[in-house]
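J.: This is the structure I have questions about; it appears just below.
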Amino acid sequence: MKSILVDFDLLTGLSDERESVQRRLSDMDGMYADKDAYDAMIVRDDTLVYEFFDMGLPETEGGIAFGTSMTYPGKVGSEFFMTKGHFHSILDTAEVYYCLRGKGIMLMEDSEGNWEARELEPGLAVYVPEGYAHRSINTSPDDTLVTFYAFRADAGHDYGTIETKGFRKIVVEKDGIAQVIDNPKWKE
Ligand code: MN
């Protein structure tokens, strides 16, 4: 294959040359803890929660998949807008996220119950280790969380485990600040 040159806007994360993958509230049924708040919101507007640019590169062992991810500000009840989150199908593959804009948390957990929550703000890169599911969460009241990500191109995505079980922790606003608390819906 040939080299690729891509233009990403550092403030918006957007690229003129590509179509983004968009996820709306309706794509995340059952993923937020407060079902009543979710149902009330979706009646009003099927809000865009996040989008990302997938470069569509060949899924080879030696390749690197990369792109930008934009999570928009908002909450369902007290729970901040977030990405669905996923494990990689090839579990022992890591990923790096570099924050370009906004403020948020990278929530991670492995299948043994270890979890981590790392701050995201411009200039910080989070290394998501092998074996950890990961989810971006926007904790800003009004700004988009923009990250640049890169991972082994053949890693693949397992969304089903998180869609079914969720993460052990959720991030909510409490007393005006973002707090990591136990997910009331999580079951072993
Ligand atoms: Mn990933």
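Quick note on naming: the chains in the structure tokens go A, B, ... in the order shown, residues restart at 1 in each chain, and ligands are numbered from 1 in order of appearance.
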Excluding Lys185 in chain A and its own-chain neighbours fewer than 4 positions away, which residues fall within 12 Å of it when counting only C-alpha atoms? Please give them as a VMD selection string.
T.: chain A and resid 30 to 35 163 to 170 181
J.: Output the selection as a PDB file, in the first residue's frame - C-alpha atoms for each residue.
T.:
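Writing the result to selection-v3.pdb gives the following:
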ATOM      1  CA  GLY A  30     -29.401   0.377  28.369  1.00  0.00           C
ATOM      2  CA  MET A  31     -25.870   1.711  28.746  1.00  0.00           C
ATOM      3  CA  TYR A  32     -26.620   4.626  31.094  1.00  0.00           C
ATOM      4  CA  ALA A  33     -27.520   3.940  34.699  1.00  0.00           C
ATOM      5  CA  ASP A  34     -30.560   6.244  34.869  1.00  0.00           C
ATOM      6  CA  LYS A  35     -33.106   4.663  32.537  1.00  0.00           C
ATOM      7  CA  GLU A 163     -23.036  -3.569  26.052  1.00  0.00           C
ATOM      8  CA  THR A 164     -24.211  -6.544  28.089  1.00  0.00           C
ATOM      9  CA  LYS A 165     -22.423  -5.989  31.384  1.00  0.00           C
ATOM     10  CA  GLY A 166     -21.288  -2.366  31.415  1.00  0.00           C
ATOM     11  CA  PHE A 167     -18.238  -1.192  33.324  1.00  0.00           C
ATOM     12  CA  ARG A 168     -17.893  -1.743  37.068  1.00  0.00           C
ATOM     13  CA  LYS A 169     -17.621   2.000  37.536  1.00  0.00           C
ATOM     14  CA  ILE A 170     -19.504   4.969  36.118  1.00  0.00           C
ATOM     15  CA  ILE A 181     -18.706   5.563  41.587  1.00  0.00           C
TER      16      ILE A 181
END
J.: Looking only at the backbone, which of the residues in range 27-174 of chain A does DSSP tag as strand (DSSP E or B), as an MDAnalysis selection string?
T.: chainID A and resid 48:52 64:71 75:76 79:80 82 86:88 95:101 104:110 115:120 125:128 132:138 145:152 157:158 169:174
J.: Could I get the residues of range 40-76 of chain A with an atom no further than 10 Å from an atom of range 97-117 of chain A, each paired with its nearest atom pair and that distance in Å to one decimal, using only C-alpha atoms, sorted by chain and residue number, as JSON lines?
T.:
{"residue": "A:Phe66", "atom": "CA", "partner": "A:Tyr97", "partner_atom": "CA", "distance": 9.6}
{"residue": "A:Gly67", "atom": "CA", "partner": "A:Tyr97", "partner_atom": "CA", "distance": 9.7}
{"residue": "A:Thr68", "atom": "CA", "partner": "A:Tyr97", "partner_atom": "CA", "distance": 9.0}
{"residue": "A:Ser69", "atom": "CA", "partner": "A:Tyr97", "partner_atom": "CA", "distance": 9.3}
{"residue": "A:Met70", "atom": "CA", "partner": "A:Arg101", "partner_atom": "CA", "distance": 9.2}
{"residue": "A:Thr71", "atom": "CA", "partner": "A:Gly104", "partner_atom": "CA", "distance": 9.2}
{"residue": "A:Tyr72", "atom": "CA", "partner": "A:Gly102", "partner_atom": "CA", "distance": 9.6}
{"residue": "A:Pro73", "atom": "CA", "partner": "A:Gly102", "partner_atom": "CA", "distance": 9.4}
J.: Now that the selection is made, can you save its residues with N, CA, C and O atoms as a PDB file, in the first residue's frame?
T.:
ATOM      1  N   PHE A  66      -5.586   4.302  13.299  1.00  0.00           N
ATOM      2  CA  PHE A  66      -5.585   5.557  14.051  1.00  0.00           C
ATOM      3  C   PHE A  66      -6.739   6.438  13.593  1.00  0.00           C
ATOM      4  O   PHE A  66      -7.351   6.213  12.546  1.00  0.00           O
ATOM      5  N   GLY A  67      -7.011   7.461  14.399  1.00  0.00           N
ATOM      6  CA  GLY A  67      -8.060   8.406  14.045  1.00  0.00           C
ATOM      7  C   GLY A  67      -8.306   9.366  15.188  1.00  0.00           C
ATOM      8  O   GLY A  67      -7.527   9.408  16.154  1.00  0.00           O
ATOM      9  N   THR A  68      -9.379  10.137  15.065  1.00  0.00           N
ATOM     10  CA  THR A  68      -9.767  11.023  16.161  1.00  0.00           C
ATOM     11  C   THR A  68     -11.149  10.632  16.656  1.00  0.00           C
ATOM     12  O   THR A  68     -11.970  10.084  15.918  1.00  0.00           O
ATOM     13  N   SER A  69     -11.382  10.936  17.929  1.00  0.00           N
ATOM     14  CA  SER A  69     -12.648  10.619  18.569  1.00  0.00           C
ATOM     15  C   SER A  69     -13.164  11.887  19.252  1.00  0.00           C
ATOM     16  O   SER A  69     -12.403  12.583  19.928  1.00  0.00           O
ATOM     17  N   MET A  70     -14.437  12.203  19.033  1.00  0.00           N
ATOM     18  CA  MET A  70     -15.045  13.393  19.614  1.00  0.00           C
ATOM     19  C   MET A  70     -16.237  12.979  20.473  1.00  0.00           C
ATOM     20  O   MET A  70     -17.211  12.432  19.955  1.00  0.00           O
ATOM     21  N   THR A  71     -16.149  13.231  21.773  1.00  0.00           N
ATOM     22  CA  THR A  71     -17.279  12.952  22.655  1.00  0.00           C
ATOM     23  C   THR A  71     -17.862  14.299  23.076  1.00  0.00           C
ATOM     24  O   THR A  71     -17.131  15.160  23.580  1.00  0.00           O
ATOM     25  N   TYR A  72     -19.152  14.466  22.877  1.00  0.00           N
ATOM     26  CA  TYR A  72     -19.777  15.773  23.089  1.00  0.00           C
ATOM     27  C   TYR A  72     -20.189  15.948  24.540  1.00  0.00           C
ATOM     28  O   TYR A  72     -20.359  14.974  25.269  1.00  0.00           O
ATOM     29  N   PRO A  73     -20.327  17.211  24.985  1.00  0.00           N
ATOM     30  CA  PRO A  73     -20.713  17.445  26.374  1.00  0.00           C
ATOM     31  C   PRO A  73     -22.185  17.117  26.596  1.00  0.00           C
ATOM     32  O   PRO A  73     -23.009  17.324  25.702  1.00  0.00           O
TER      33      PRO A  73
END
J.: DSSP says alpha helix (DSSP H) for which residues of range 51-163 of chain A? Put them as a short mmCIF file (atom, residue, chain, number, x, y, z; two decimals) with C-alpha atoms, in the first residue's frame?
T.:
data_model
loop_
_atom_site.label_atom_id
_atom_site.label_comp_id
_atom_site.auth_asym_id
_atom_site.auth_seq_id
_atom_site.Cartn_x
_atom_site.Cartn_y
_atom_site.Cartn_z
CA GLY A 160 -20.78 -6.92 23.16
CA THR A 161 -19.23 -7.59 26.56
CA ILE A 162 -19.59 -3.95 27.66
CA GLU A 163 -23.04 -3.57 26.05
#
J.: Got a sec: who's within 6 Å of range 172-178 of chain A, counting only C-alpha atoms, leaving out chain neighbours fewer than 3 positions off, as a PyMOL selection string?
T.: chain A and resi 78-80
J.: Given only C-alpha atoms as the basis, pick out the residue of A:Val180, A:Leu124, A:Ile4, A:Val96 nearest to Met55 in chain A.
T.: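 Selected residue with least distance to Met55 in chain A: A:Ile4.
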J.: Taking only residues of chain A that have an atom at most 7 Å from an atom of ligand 1, what is each one's shortest atom pair and its distance in Å to one decimal, using only C-alpha atoms and all ligand atoms, in chain and number order, as a Markdown table?
T.:
| residue | atom | partner | partner_atom_place_in_ligand_line | distance |
| --- | --- | --- | --- | --- |
| A:His86 | CA | ligand 1 | 1 (Mn) | 6.4 |
| A:Phe87 | CA | ligand 1 | 1 (Mn) | 6.6 |
| A:His88 | CA | ligand 1 | 1 (Mn) | 6.0 |
| A:Glu95 | CA | ligand 1 | 1 (Mn) | 6.1 |
| A:His134 | CA | ligand 1 | 1 (Mn) | 6.6 |
| A:Phe151 | CA | ligand 1 | 1 (Mn) | 6.9 |
| A:His157 | CA | ligand 1 | 1 (Mn) | 6.9 |
J.: Within 6 Å of range 36-49 of chain A, counting only C-alpha atoms, which residues qualify if same-chain residues fewer than 2 places away don't, as a list in words?
T.: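 Result of the neighbour search: Arg23, Arg24, Leu25, Asp34, Tyr72, Val76 and Gly77 of chain A.
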J.: With only C-alpha atoms as the basis for distance, which of A:Glu61, A:Asp27, A:Leu91, A:Phe148 is at the shortest distance from Ser15 in chain A?
T.: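 Ranked by minimum distance to Ser15 in chain A, first place goes to A:Phe148.
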J.: What does the distance from CA of Ala155 in chain A to CA of Ser89 in chain A come to in Å, to one decimal?
T.: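 About the pair CA of Ala155 in chain A and CA of Ser89 in chain A: they are 5.9 Å apart.
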J.: Could you state the separation of CA of Gln179 in chain A and CA of Lys75 in chain A in Å, given to one decimal place?
T.: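 Distance reported for this atom pair: 13.2 Å.
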